[in-house]
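This report concerns only the one structure given below.
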Amino acid sequence: MESVILALGQQGGSPPQGGGGLQILLTVGLMFVVFYFMLIRPQQKRAKEHASLLDSLKTGDQVVTRGGLIGKVTGVQDKIVTVEVQEKVRIRVLKSYIESKFSDAQAVKAVKKEAVKPEPNPSESKT
């Protein structure tokens, strides 16, 4: 044990230099800037877009809820939207649970995506 301490004490060289604090501050600052532009700012942009979508809701719009229900808006109140999911079947949903507006183009795209799934190759089946 003493030989290790003596060996460490005999190492020449200069003592550690100061100035490491500035380097650490710059590194932390750079990390914050990266996090801001990669995480915080895009999230704020999505939140603004969603808020403007909710403000622009009107009767007759086709919407998708976060639960996946698709329907037509039949009434808009301050915090509640009435959505008709089938003829004479209406549900009340919190406005914040409206995910997006829905169009037939989105439905066609979703159907095409499901239709293009590759079929499994029977020769590669597990035995």
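If you're wondering about the labels, chains in the structure tokens are A, B, ... by order shown, residues count from 1 in each chain, ligands from 1 in order shown.
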Which parts of region 54-98 of chain A does DSSP call helix (DSSP H, G or I) when run on the backbone here, written out as a list in words? Leu54, Asp55, Lys95, Ser96 and Tyr97 of chain A
**Request:** Mind giving me the straight-line distance from CA of Met31 (chain A) to CA of Gln43 (chain A) in Å, one decimal?
**Result:**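 Rounded to one decimal, the two atoms are 17.4 Å apart.
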Students should find that CA of Thr59 (chain A) and CA of Val85 (chain A) are spaced 13.5 Å
Q.
Can you measure CA of Val83 (chain A) to CA of Thr65 (chain A) for me? One decimal in Å is fine.
A.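 Spanning CA of Val83 (chain A) to CA of Thr65 (chain A) is a straight-line distance of 9.4 Å.
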Nearest to Lys79 (chain A), restricted to only C-alpha atoms and choosing among A:Gly67, A:Tyr97, A:His50, A:Val33, comes out as A:Tyr97
Legend entry - Nearest residue to Ser96 (chain A) from the set A:Val34, A:Val73, A:Val28, A:Ile80 (distances using only C-alpha atoms):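 Closest residue, counting only C-alpha atoms: A:Ile80.
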Of A:Gln62, A:Thr27, A:Gln86, A:Ser52, the one sitting nearest Asp104 (chain A) when using only C-alpha atoms is A:Gln62
So, counting only C-alpha atoms, which residue among A:Arg46, A:Arg41, A:Gly75, A:Tyr36 is closest to Asp61 (chain A)?
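Counting only C-alpha atoms, the residue closest to Asp61 (chain A) is A:Gly75.
Minimum distance to Leu69 (chain A) across A:Leu22, A:Ile98, A:Glu49, A:Leu57 (counting only C-alpha atoms) occurs at A:Ile98.
For the set A:Leu30, A:Leu54, A:Ile70, A:Ala47, the residue with the smallest atom-to-atom gap to Lys95 (chain A) is A:Leu54, counting only C-alpha atoms.
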Using DSSP assignments from the backbone, pull out every residue in region 24-94 of chain A that falls under strand (DSSP E) and give it to me as a PyMOL selection string.
chain A and resi 62-65+70-76+80-86+89-94
